[in-house]
$ cat protein.txt   # compact mmCIF, C-alpha atoms and all ligand atoms
# COMPACT_ATOMS: atom_id res chain seq x y z
CA MET A 28 198.15 110.60 95.98
CA GLU A 29 194.86 112.47 95.82
CA GLU A 30 194.31 111.79 99.52
CA ILE A 31 197.74 113.14 100.46
CA LEU A 32 197.08 116.31 98.48
CA GLN A 33 193.68 116.85 100.07
CA GLN A 34 195.16 116.32 103.52
CA LEU A 35 197.94 118.86 102.78
CA GLU A 36 195.43 121.45 101.56
CA ALA A 37 193.30 120.98 104.66
CA ASP A 38 196.38 121.35 106.90
CA LEU A 39 197.50 124.50 105.05
CA ALA A 40 194.07 126.09 105.39
CA LYS A 41 194.35 125.74 109.16
CA ALA A 42 197.91 127.17 109.38
CA LYS A 43 198.02 130.67 110.93
CA THR A 44 201.75 131.42 110.85
CA LEU A 45 204.68 130.99 108.48
CA PRO A 46 206.52 128.63 110.87
CA GLU A 47 203.47 126.36 110.83
CA VAL A 48 203.55 126.30 107.01
CA GLU A 49 207.24 125.42 107.15
CA GLN A 50 206.46 122.52 109.44
CA LEU A 51 203.91 121.27 106.90
CA ARG A 52 206.45 121.55 104.08
CA VAL A 53 208.81 119.33 106.04
CA LYS A 54 205.98 116.92 106.91
CA TYR A 55 205.06 116.41 103.24
CA LEU A 56 208.12 117.29 101.15
CA GLY A 57 211.05 116.94 103.58
CA ARG A 58 213.49 114.03 103.46
CA LYS A 59 211.09 111.89 105.44
CA GLY A 60 207.97 113.63 104.20
CA SER A 61 205.00 111.56 103.07
CA ILE A 62 205.33 112.55 99.38
CA THR A 63 209.08 111.85 99.39
CA LEU A 64 208.53 108.46 101.04
CA LEU A 65 205.89 107.57 98.48
CA ALA A 66 208.60 107.61 95.82
CA LYS A 67 211.20 105.96 98.02
CA ASN A 68 208.98 103.09 99.16
CA THR A 69 207.74 102.13 95.71
CA ASP A 70 209.40 99.06 94.24
CA PHE A 71 209.92 100.25 90.65
CA SER A 72 211.33 96.84 89.57
CA ARG A 73 207.84 95.41 89.78
CA LEU A 74 206.40 97.97 87.36
CA SER A 75 206.30 97.77 83.61
CA PRO A 76 207.98 100.59 81.64
CA ASP A 77 204.56 102.19 80.95
CA GLU A 78 203.53 101.97 84.61
CA LYS A 79 206.89 103.48 85.68
CA ARG A 80 206.39 106.43 83.31
CA SER A 81 202.81 107.06 84.37
CA PHE A 82 203.67 106.71 88.08
CA GLY A 83 206.61 109.08 87.70
CA GLN A 84 204.48 111.68 85.92
CA ARG A 85 201.74 111.55 88.57
CA LEU A 86 204.29 111.76 91.36
CA ASN A 87 205.89 114.86 89.79
CA ALA A 88 202.49 116.46 89.33
CA LEU A 89 201.72 115.80 93.00
CA LYS A 90 205.01 117.38 94.11
CA ASN A 91 204.40 120.44 91.95
CA ARG A 92 200.87 120.91 93.24
CA ALA A 93 202.03 120.46 96.83
CA GLU A 94 204.78 123.07 96.36
CA GLU A 95 202.32 125.48 94.77
CA ALA A 96 199.86 125.06 97.61
CA ILE A 97 202.62 125.71 100.16
CA GLN A 98 203.77 128.84 98.30
CA GLU A 99 200.24 130.18 98.13
CA ALA A 100 199.83 129.67 101.87
CA GLN A 101 203.15 131.46 102.53
CA GLN A 102 202.12 134.44 100.37
CA ARG A 103 198.73 134.68 102.02
CA LEU A 104 200.26 134.75 105.51
CA ALA A 105 203.10 137.11 104.59
CA GLN A 106 200.56 139.62 103.29
CA GLN A 107 198.73 139.42 106.56
CA GLY A 108 201.90 140.21 108.52
CA ALA A 109 201.90 136.82 110.14
CA SER A 110 205.63 136.28 109.76
CA LEU A 111 206.27 137.17 113.39
CA GLY A 112 203.98 134.41 114.54
CA MET A 113 201.14 136.89 115.16
CA VAL A 114 197.56 136.28 114.31
CA TRP A 115 196.25 138.75 111.74
CA SER A 116 194.73 141.71 113.62
CA GLY A 117 193.32 143.73 110.73
CA ALA A 118 195.82 146.66 111.00
CA ASP A 119 197.66 147.88 107.89
CA LEU A 120 201.26 147.59 109.00
CA SER A 121 202.57 149.43 105.95
CA LEU A 122 200.95 152.75 106.95
CA PRO A 123 203.31 155.46 108.38
CA SER A 124 203.09 155.97 112.14
CA SER A 125 200.97 158.88 113.26
CA ASP A 126 203.01 159.54 116.43
CA ARG A 127 206.13 161.32 115.15
CA ARG A 128 207.65 162.62 118.39
CA PHE A 129 211.45 162.37 118.55
CA GLY A 130 213.66 162.88 121.59
CA ALA A 131 215.25 166.19 122.51
CA MET A 132 218.80 167.24 123.39
CA HIS A 133 219.69 169.44 126.32
CA PRO A 134 220.76 172.87 124.95
CA ILE A 135 224.11 172.56 126.77
CA SER A 136 224.79 169.28 124.98
CA LEU A 137 223.84 170.90 121.67
CA ILE A 138 226.18 173.87 122.03
CA GLN A 139 228.94 171.74 123.53
CA ARG A 140 228.90 169.37 120.57
CA GLU A 141 228.89 172.24 118.12
CA LEU A 142 231.84 173.96 119.81
CA GLU A 143 233.79 170.72 120.07
CA GLU A 144 233.44 170.23 116.34
CA ILE A 145 234.55 173.79 115.58
CA PHE A 146 237.61 173.52 117.83
CA GLN A 147 238.50 170.09 116.53
CA GLY A 148 238.48 171.68 113.07
CA MET A 149 241.18 174.07 114.36
CA GLY A 150 243.29 171.20 115.68
CA PHE A 151 242.22 171.31 119.33
CA ARG A 152 241.72 168.08 121.25
CA VAL A 153 238.80 167.69 123.64
CA LEU A 154 239.80 166.76 127.18
CA SER A 155 237.89 166.49 130.42
CA GLY A 156 239.05 166.88 133.98
CA TYR A 157 237.58 166.40 137.44
CA GLU A 158 234.56 168.06 139.00
CA VAL A 159 236.03 167.33 142.43
CA GLU A 160 239.39 169.09 142.42
CA THR A 161 242.25 169.87 144.73
CA GLU A 162 242.89 173.37 145.99
CA TYR A 163 246.24 173.16 144.23
CA TYR A 164 244.92 172.84 140.66
CA ASN A 165 241.89 175.09 141.17
CA PHE A 166 243.85 177.92 142.83
CA ASP A 167 247.55 177.59 143.77
CA ALA A 168 248.84 176.33 140.41
CA LEU A 169 246.91 179.16 138.75
CA ASN A 170 248.95 181.72 140.61
CA ILE A 171 246.22 182.33 143.18
CA PRO A 172 247.92 181.85 146.59
CA PRO A 173 245.79 181.25 149.73
CA ASP A 174 245.60 184.88 150.85
CA HIS A 175 244.93 186.25 147.37
CA PRO A 176 241.75 188.32 147.10
CA ALA A 177 240.94 186.60 143.78
CA ARG A 178 239.85 183.55 145.80
CA ASP A 179 236.94 185.55 147.11
CA MET A 180 235.79 186.29 143.55
CA GLN A 181 234.68 182.67 143.31
CA ASP A 182 232.71 181.40 146.30
CA THR A 183 233.78 177.83 146.76
CA PHE A 184 231.98 174.67 147.85
CA TRP A 185 234.55 172.95 150.08
CA LEU A 186 234.43 169.22 150.85
CA ASP A 187 235.21 167.76 154.27
CA ASP A 188 238.47 166.22 153.03
CA GLY A 189 239.88 169.62 151.98
CA ARG A 190 239.10 169.19 148.30
CA LEU A 191 236.52 171.33 146.50
CA LEU A 192 234.03 171.38 143.65
CA ARG A 193 235.94 173.13 140.88
CA THR A 194 234.91 176.75 140.52
CA HIS A 195 236.17 177.00 136.94
CA THR A 196 237.49 174.79 134.14
CA SER A 197 240.83 176.63 134.40
CA ALA A 198 241.66 173.91 136.96
CA ASN A 199 242.43 171.73 133.92
CA GLN A 200 245.25 173.93 132.65
CA VAL A 201 248.16 172.78 134.79
CA ARG A 202 246.92 169.18 134.89
CA ALA A 203 247.02 169.10 131.06
CA LEU A 204 250.42 170.81 130.85
CA GLU A 205 251.88 168.32 133.33
CA ARG A 206 250.42 165.40 131.44
CA TYR A 207 250.89 166.39 127.80
CA GLY A 208 253.57 169.11 127.92
CA ALA A 209 254.02 171.79 125.24
CA PRO A 210 253.04 172.37 122.52
CA ILE A 211 249.40 171.74 123.34
CA ARG A 212 246.06 172.75 121.85
CA ALA A 213 243.07 171.61 123.92
CA ILE A 214 239.59 172.53 125.10
CA PHE A 215 237.98 171.39 128.33
CA PRO A 216 234.19 171.64 128.48
CA GLY A 217 232.75 170.93 131.90
CA ARG A 218 230.53 171.66 134.84
CA CYS A 219 231.56 174.20 137.48
CA PHE A 220 230.16 175.04 140.89
CA ARG A 221 230.02 178.27 142.85
CA ASN A 222 228.31 178.97 146.13
CA GLU A 223 226.39 181.89 144.67
CA ALA A 224 222.92 183.32 145.00
CA ILE A 225 220.85 182.22 142.01
CA ASP A 226 219.11 184.69 139.71
CA ALA A 227 218.18 184.94 136.03
CA SER A 228 221.84 184.99 134.95
CA HIS A 229 223.65 183.20 137.81
CA GLU A 230 223.53 179.53 138.76
CA ASN A 231 225.46 177.61 141.40
CA THR A 232 225.96 174.86 138.80
CA PHE A 233 226.87 175.94 135.28
CA TYR A 234 229.10 175.00 132.37
CA GLN A 235 232.28 176.56 131.09
CA LEU A 236 234.50 175.71 128.17
CA GLU A 237 238.18 176.31 128.77
CA GLY A 238 240.68 176.63 125.95
CA LEU A 239 244.46 176.37 126.16
CA LEU A 240 246.99 176.79 123.39
CA VAL A 241 250.73 176.75 124.13
CA ASP A 242 253.28 176.84 121.36
CA ARG A 243 256.22 178.89 120.07
CA ASP A 244 255.72 182.65 119.56
CA ILE A 245 252.05 182.80 120.51
CA SER A 246 250.65 186.33 120.75
CA VAL A 247 247.37 188.15 121.33
CA ALA A 248 246.84 188.15 117.55
CA HIS A 249 246.50 184.35 117.63
CA LEU A 250 244.01 184.60 120.48
CA ILE A 251 241.86 187.09 118.57
CA GLY A 252 242.06 185.00 115.39
CA VAL A 253 240.81 181.85 117.12
CA MET A 254 238.04 183.74 118.95
CA LYS A 255 236.77 185.39 115.76
CA THR A 256 236.76 182.08 113.86
CA LEU A 257 234.89 180.45 116.72
CA LEU A 258 232.24 183.15 117.09
CA SER A 259 231.57 183.41 113.34
CA ALA A 260 231.05 179.65 113.24
CA VAL A 261 228.69 179.65 116.22
CA PHE A 262 226.58 182.60 115.15
CA HIS A 263 226.86 181.93 111.40
CA ARG A 264 227.99 185.45 110.53
CA GLU A 265 231.01 187.76 110.74
CA VAL A 266 231.25 189.14 114.28
CA THR A 267 233.04 192.23 115.54
CA VAL A 268 234.99 191.77 118.76
CA ARG A 269 236.90 194.04 121.10
CA LEU A 270 239.26 193.37 123.98
CA ARG A 271 239.09 195.22 127.27
CA PRO A 272 241.56 194.78 130.10
CA GLY A 273 240.41 192.12 132.59
CA PHE A 274 242.11 190.79 135.68
CA PHE A 275 242.78 187.10 136.31
CA PRO A 276 245.96 186.08 138.18
CA PHE A 277 246.64 183.23 135.71
CA VAL A 278 246.87 185.40 132.58
CA GLU A 279 249.04 188.39 131.75
CA PRO A 280 247.79 190.45 130.06
CA GLY A 281 244.20 189.49 130.81
CA PHE A 282 241.16 190.54 128.78
CA GLU A 283 237.42 190.49 128.60
CA LEU A 284 236.43 189.75 125.03
CA ASP A 285 233.21 191.51 124.02
CA VAL A 286 231.12 190.84 120.94
CA GLN A 287 229.25 193.58 119.16
CA CYS A 288 225.60 192.92 120.03
CA LEU A 289 224.15 190.44 117.56
CA ILE A 290 220.60 191.55 118.26
CA CYS A 291 220.94 195.27 117.43
CA GLY A 292 224.20 195.27 115.45
CA GLY A 293 225.82 197.60 117.98
CA ASN A 294 223.16 200.33 118.00
CA GLY A 295 222.08 199.59 121.58
CA CYS A 296 219.15 197.49 122.79
CA ALA A 297 217.79 195.81 125.93
CA THR A 298 219.94 192.70 125.50
CA CYS A 299 223.21 194.65 125.47
CA LYS A 300 221.88 197.15 128.02
CA ARG A 301 222.17 199.92 125.40
CA SER A 302 225.96 199.59 125.22
CA GLY A 303 226.14 197.86 121.83
CA TRP A 304 228.52 195.22 123.28
CA ILE A 305 228.08 191.91 125.07
CA GLU A 306 230.73 190.59 127.44
CA LEU A 307 231.35 187.01 126.41
CA ILE A 308 234.78 185.45 126.93
CA PRO A 309 237.41 186.17 129.57
CA CYS A 310 240.86 185.33 128.22
CA GLY A 311 244.53 186.29 128.06
CA LEU A 312 248.08 185.11 127.57
CA VAL A 313 248.99 182.34 129.98
CA HIS A 314 250.95 183.73 132.94
CA PRO A 315 254.57 182.46 132.90
CA ARG A 316 254.16 181.21 136.46
CA VAL A 317 251.32 178.92 135.33
CA LEU A 318 253.52 177.55 132.56
CA GLU A 319 256.25 176.96 135.15
CA PHE A 320 253.79 175.11 137.40
CA GLY A 321 253.08 172.96 134.34
CA ARG A 322 256.83 172.41 133.83
CA VAL A 323 256.86 174.21 130.47
CA ASP A 324 260.03 175.99 129.34
CA THR A 325 259.00 179.65 129.21
CA ARG A 326 262.06 180.62 127.16
CA ILE A 327 260.63 178.62 124.28
CA PHE A 328 256.87 178.56 124.77
CA SER A 329 254.05 181.00 125.38
CA GLY A 330 250.31 180.59 125.04
CA PHE A 331 246.80 181.86 125.48
CA ALA A 332 243.82 180.63 127.48
CA PHE A 333 240.14 181.49 127.61
CA GLY A 334 237.21 180.41 129.75
CA MET A 335 233.88 180.95 128.11
CA GLY A 336 230.61 180.53 129.93
CA LEU A 337 229.02 177.69 128.00
CA THR A 338 225.66 178.20 129.67
CA ARG A 339 225.67 181.91 128.80
CA MET A 340 226.70 181.04 125.26
CA ALA A 341 223.70 178.72 124.95
CA MET A 342 221.46 181.51 126.28
CA MET A 343 222.76 183.86 123.57
CA LYS A 344 222.53 181.34 120.77
CA PHE A 345 219.06 180.00 121.56
CA GLY A 346 217.60 183.18 123.08
CA ILE A 347 217.00 181.60 126.51
CA PRO A 348 216.04 184.40 128.89
CA ASP A 349 216.58 182.72 132.28
CA ILE A 350 219.51 180.52 133.33
CA ARG A 351 217.35 178.70 135.88
CA LEU A 352 215.58 176.86 133.04
CA PHE A 353 218.69 174.75 132.35
CA ASN A 354 218.56 172.83 135.61
CA SER A 355 214.80 173.09 136.08
CA GLY A 356 213.99 169.56 134.93
CA ASP A 357 210.98 171.09 133.16
CA ILE A 358 210.25 168.81 130.24
CA ARG A 359 208.45 171.63 128.37
CA PHE A 360 211.75 173.50 128.17
CA TYR A 361 213.81 170.52 126.99
CA GLU A 362 211.21 169.55 124.38
CA GLN A 363 211.95 172.79 122.54
CA PHE A 364 215.30 171.37 121.38
CA PRO A 365 214.23 168.35 119.32
CA VAL A 366 216.79 166.19 117.67
CA SER A 367 216.42 166.46 113.91
CA MET A 368 216.20 163.09 112.22
C1 LIG B 1 236.74 182.43 135.10
O1 LIG B 1 236.13 181.49 135.61
C2 LIG B 1 238.11 182.24 134.51
N1 LIG B 1 238.57 180.92 134.84
C3 LIG B 1 238.03 182.45 133.00
C4 LIG B 1 239.38 182.54 132.34
C5 LIG B 1 239.96 181.41 131.80
C6 LIG B 1 240.04 183.77 132.23
C7 LIG B 1 241.18 181.49 131.15
C8 LIG B 1 241.24 183.84 131.62
C9 LIG B 1 241.80 182.69 131.05
P1 LIG B 1 234.78 184.14 135.36
O2 LIG B 1 234.61 183.96 136.81
O3 LIG B 1 234.58 185.47 134.79
O4 LIG B 1 236.20 183.65 134.87
O5 LIG B 1 233.80 183.11 134.62
C10 LIG B 1 233.88 182.88 133.24
C11 LIG B 1 232.50 182.79 132.65
O6 LIG B 1 231.77 181.77 133.32
C12 LIG B 1 231.66 184.03 132.80
O7 LIG B 1 231.92 184.94 131.76
C13 LIG B 1 230.26 183.50 132.75
O8 LIG B 1 229.84 183.36 131.41
C14 LIG B 1 230.42 182.12 133.37
N2 LIG B 1 229.95 182.16 134.77
C15 LIG B 1 230.64 182.55 135.86
N3 LIG B 1 229.87 182.45 136.96
C16 LIG B 1 228.68 181.98 136.56
C17 LIG B 1 227.45 181.67 137.23
N4 LIG B 1 227.30 181.77 138.54
N5 LIG B 1 226.41 181.22 136.47
C18 LIG B 1 226.56 181.07 135.14
N6 LIG B 1 227.66 181.35 134.45
C19 LIG B 1 228.73 181.82 135.16
$ encode --input "protein.txt" --output "structure tokens"
Amino acid sequence: MEEILQQLEADLAKAKTLPEVEQLRVKYLGRKGSITLLAKNTDFSRLSPDEKRSFGQRLNALKNRAEEAIQEAQQRLAQQGASLGMVWSGADLSLPSSDRRFGAMHPISLIQRELEEIFQGMGFRVLSGYEVETEYYNFDALNIPPDHPARDMQDTFWLDDGRLLRTHTSANQVRALERYGAPIRAIFPGRCFRNEAIDASHENTFYQLEGLLVDRDISVAHLIGVMKTLLSAVFHREVTVRLRPGFFPFVEPGFELDVQCLICGGNGCATCKRSGWIELIPCGLVHPRVLEFGRVDTRIFSGFAFGMGLTRMAMMKFGIPDIRLFNSGDIRFYEQFPVSM
């Protein structure tokens, strides 16, 4: 018995990982382990009652000491971080990491997520359409026939097969009406493309967020209500808005929604070009012809639509001075929008 114990202790001293200790436990205390077999192979009938008692006591003591030795070895290795089968390296694995850099989110993703949440809170569903569109949904179904001058307002990237890269998210309007019918309450965030010269506030690839609400008895008052709720939520304060007439063939009446400048409070500054107002969201009541293209009964339903520039919105919210930064691929720009953990 003494020999077995000494052998076990020598084996344990050499073990460098917890799995090795487990193997030793099986070797000595498992069903076919040497200590277990010692009891099994002893012919107790040949022992006197005194011998049986003394043998039993010594065997129990051996088992207990073996178990203790194994536990000690396990504790020693666990403290050294050896549970993964690694050899102890001397590092304190319980110390916090010194490199605390987290990933970043693209500012468009940030503002898009925020807006989606706000609109979902007002009962809007979030839908997405196609970046490659047909002329029909991008223009014709929006009451912009082929010879209409409004087509020239949006320089289009045409594809060889006659389709195009959508110039605005309004292309989703009739698709959604056809598919879901009225009433409907939806937003469509997405990327748009225009064959435009690029400068600090114009990109050929940018994001818009379209909104469409069609229901019974919808008026301009509903449009203003939704816009004010949205802007207060985005800018975390009460905002003053005004509507000016704006022309888009797919709305009647059409508006440009301006926000009182959030930088100067309407007094006039460089951001609002001294006017006190910032042009933010083109919108209007959906033109009956668009509803008809979407097979909506115009005797029952009316609606409003808006098409905000998501990229411009992000510029306003985060104070980004140049639109070219968004697509620049410059990691120093993206790193300024860390994800909070
Ligand atoms: C439209 O695209 C209309 N579809 C908006 C609309 C929808 C009106 C529904 C009525 C009802 P506009 O061309 O003005 O409108 O573009 C809307 C917004 O997209 C602009 O206010 C601007 O913020 C953004 N935008 C347009 N062109 C660019 C560009 N080249 N770079 C960055 N943002 C742009």
$ residues_near_ligand --input "protein.txt" --ligand "ligand LIG 1 (chain B)" --cutoff "7 Å" --atoms "only C-alpha atoms and all ligand atoms" --output "count of residues only"
33
$ atom_distance --input "protein.txt" --atom1 "atom CA of A:Asp226" --atom2 "atom CA of A:Phe345"
18.7 Å
$ residues_around --input "protein.txt" --residues "stretch 168-177 of chain A" --least-positions-apart "5" --cutoff "8 Å" --atoms "all atoms listed in the file" --output "PyMOL selection string"
chain A and resi 163+197-198+201+275-277+316-317+320
$ closest_residue --input "protein.txt" --among "A:Phe274, A:Pro76, A:Pro365, A:Ser302" --to "A:Val286" --atoms "all atoms listed in the file"
A:Ser302
$ residues_around --input "protein.txt" --residues "A:Gln363" --least-positions-apart "3" --cutoff "8 Å" --atoms "only C-alpha atoms" --output "PyMOL selection string"
chain A and resi 131+359-360
$ atom_distance --input "protein.txt" --atom1 "atom CA of A:Gly150" --atom2 "atom CA of A:Ala213"
8.3 Å
$ atom_distance --input "protein.txt" --atom1 "atom CA of A:Glu362" --atom2 "atom CA of A:Leu258"
26.1 Å
$ residues_near_point --input "protein.txt" --point "(236.0, 165.6, 134.7)" --cutoff "9 Å" --atoms "all atoms listed in the file" --output "ChimeraX atom specification"
/A:154-159,199,215-218
$ closest_residue --input "protein.txt" --among "A:Met132, A:Ile138, A:Cys296, A:Leu35" --to "A:Val53" --atoms "all atoms listed in the file"
A:Leu35
$ closest_residue --input "protein.txt" --among "A:Val247, A:Ala100, A:Val241, A:Glu279" --to "A:Pro46" --atoms "all atoms listed in the file"
A:Ala100
$ residues_around --input "protein.txt" --residues "A:Leu318" --least-positions-apart "3" --cutoff "9 Å" --atoms "only C-alpha atoms" --output "VMD selection string"
chain A and resid 201 204 241 313 to 315 321 to 325 328 to 330
$ closest_residue --input "protein.txt" --among "A:Lys79, A:Arg212, A:Arg178, A:Arg202" --to "A:Val253" --atoms "all atoms listed in the file"
A:Arg212
$ residues_around --input "protein.txt" --residues "A:Asp188" --least-positions-apart "5" --cutoff "12 Å" --atoms "all atoms listed in the file" --output "PyMOL selection string"
chain A and resi 159-162
$ closest_residue --input "protein.txt" --among "A:Asn91, A:Arg190, A:Glu306, A:His249" --to "A:Pro272" --atoms "all atoms listed in the file"
A:Glu306
$ closest_residue --input "protein.txt" --among "A:Asp244, A:Phe166, A:Asn87, A:Arg206" --to "A:Arg193" --atoms "all atoms listed in the file"
A:Phe166
$ decode --input "protein.txt" --residues "stretch 79-92 of chain A" --atoms "N, CA and C atoms" --output "mmCIF file, in the first residue's frame"
data_model
loop_
_atom_site.group_PDB
_atom_site.id
_atom_site.type_symbol
_atom_site.label_atom_id
_atom_site.label_comp_id
_atom_site.auth_asym_id
_atom_site.auth_seq_id
_atom_site.Cartn_x
_atom_site.Cartn_y
_atom_site.Cartn_z
ATOM 1 N N LYS A 79 -9.216 -8.691 9.036
ATOM 2 C CA LYS A 79 -10.148 -8.025 8.111
ATOM 3 C C LYS A 79 -10.309 -6.555 8.482
ATOM 4 N N ARG A 80 -10.521 -6.311 9.812
ATOM 5 C CA ARG A 80 -10.766 -4.943 10.272
ATOM 6 C C ARG A 80 -9.552 -4.066 9.974
ATOM 7 N N SER A 81 -8.374 -4.594 10.344
ATOM 8 C CA SER A 81 -7.159 -3.787 10.172
ATOM 9 C C SER A 81 -6.884 -3.539 8.686
ATOM 10 N N PHE A 82 -7.122 -4.595 7.848
ATOM 11 C CA PHE A 82 -6.886 -4.420 6.408
ATOM 12 C C PHE A 82 -7.841 -3.373 5.839
ATOM 13 N N GLY A 83 -9.128 -3.492 6.257
ATOM 14 C CA GLY A 83 -10.131 -2.541 5.782
ATOM 15 C C GLY A 83 -9.775 -1.112 6.150
ATOM 16 N N GLN A 84 -9.329 -0.923 7.393
ATOM 17 C CA GLN A 84 -8.976 0.438 7.845
ATOM 18 C C GLN A 84 -7.827 1.011 7.024
ATOM 19 N N ARG A 85 -6.802 0.162 6.795
ATOM 20 C CA ARG A 85 -5.621 0.650 6.054
ATOM 21 C C ARG A 85 -5.984 0.956 4.595
ATOM 22 N N LEU A 86 -6.876 0.093 4.064
ATOM 23 C CA LEU A 86 -7.291 0.328 2.670
ATOM 24 C C LEU A 86 -8.046 1.664 2.543
ATOM 25 N N ASN A 87 -8.957 1.919 3.502
ATOM 26 C CA ASN A 87 -9.694 3.191 3.487
ATOM 27 C C ASN A 87 -8.755 4.373 3.616
ATOM 28 N N ALA A 88 -7.792 4.249 4.525
ATOM 29 C CA ALA A 88 -6.834 5.341 4.720
ATOM 30 C C ALA A 88 -6.072 5.589 3.427
ATOM 31 N N LEU A 89 -5.712 4.514 2.727
ATOM 32 C CA LEU A 89 -4.976 4.661 1.459
ATOM 33 C C LEU A 89 -5.840 5.409 0.445
ATOM 34 N N LYS A 90 -7.106 4.984 0.323
ATOM 35 C CA LYS A 90 -8.013 5.641 -0.627
ATOM 36 C C LYS A 90 -8.129 7.132 -0.322
ATOM 37 N N ASN A 91 -8.339 7.439 0.964
ATOM 38 C CA ASN A 91 -8.485 8.842 1.359
ATOM 39 C C ASN A 91 -7.240 9.655 1.020
ATOM 40 N N ARG A 92 -6.085 9.088 1.314
ATOM 41 C CA ARG A 92 -4.839 9.828 1.036
ATOM 42 C C ARG A 92 -4.638 9.999 -0.466
#
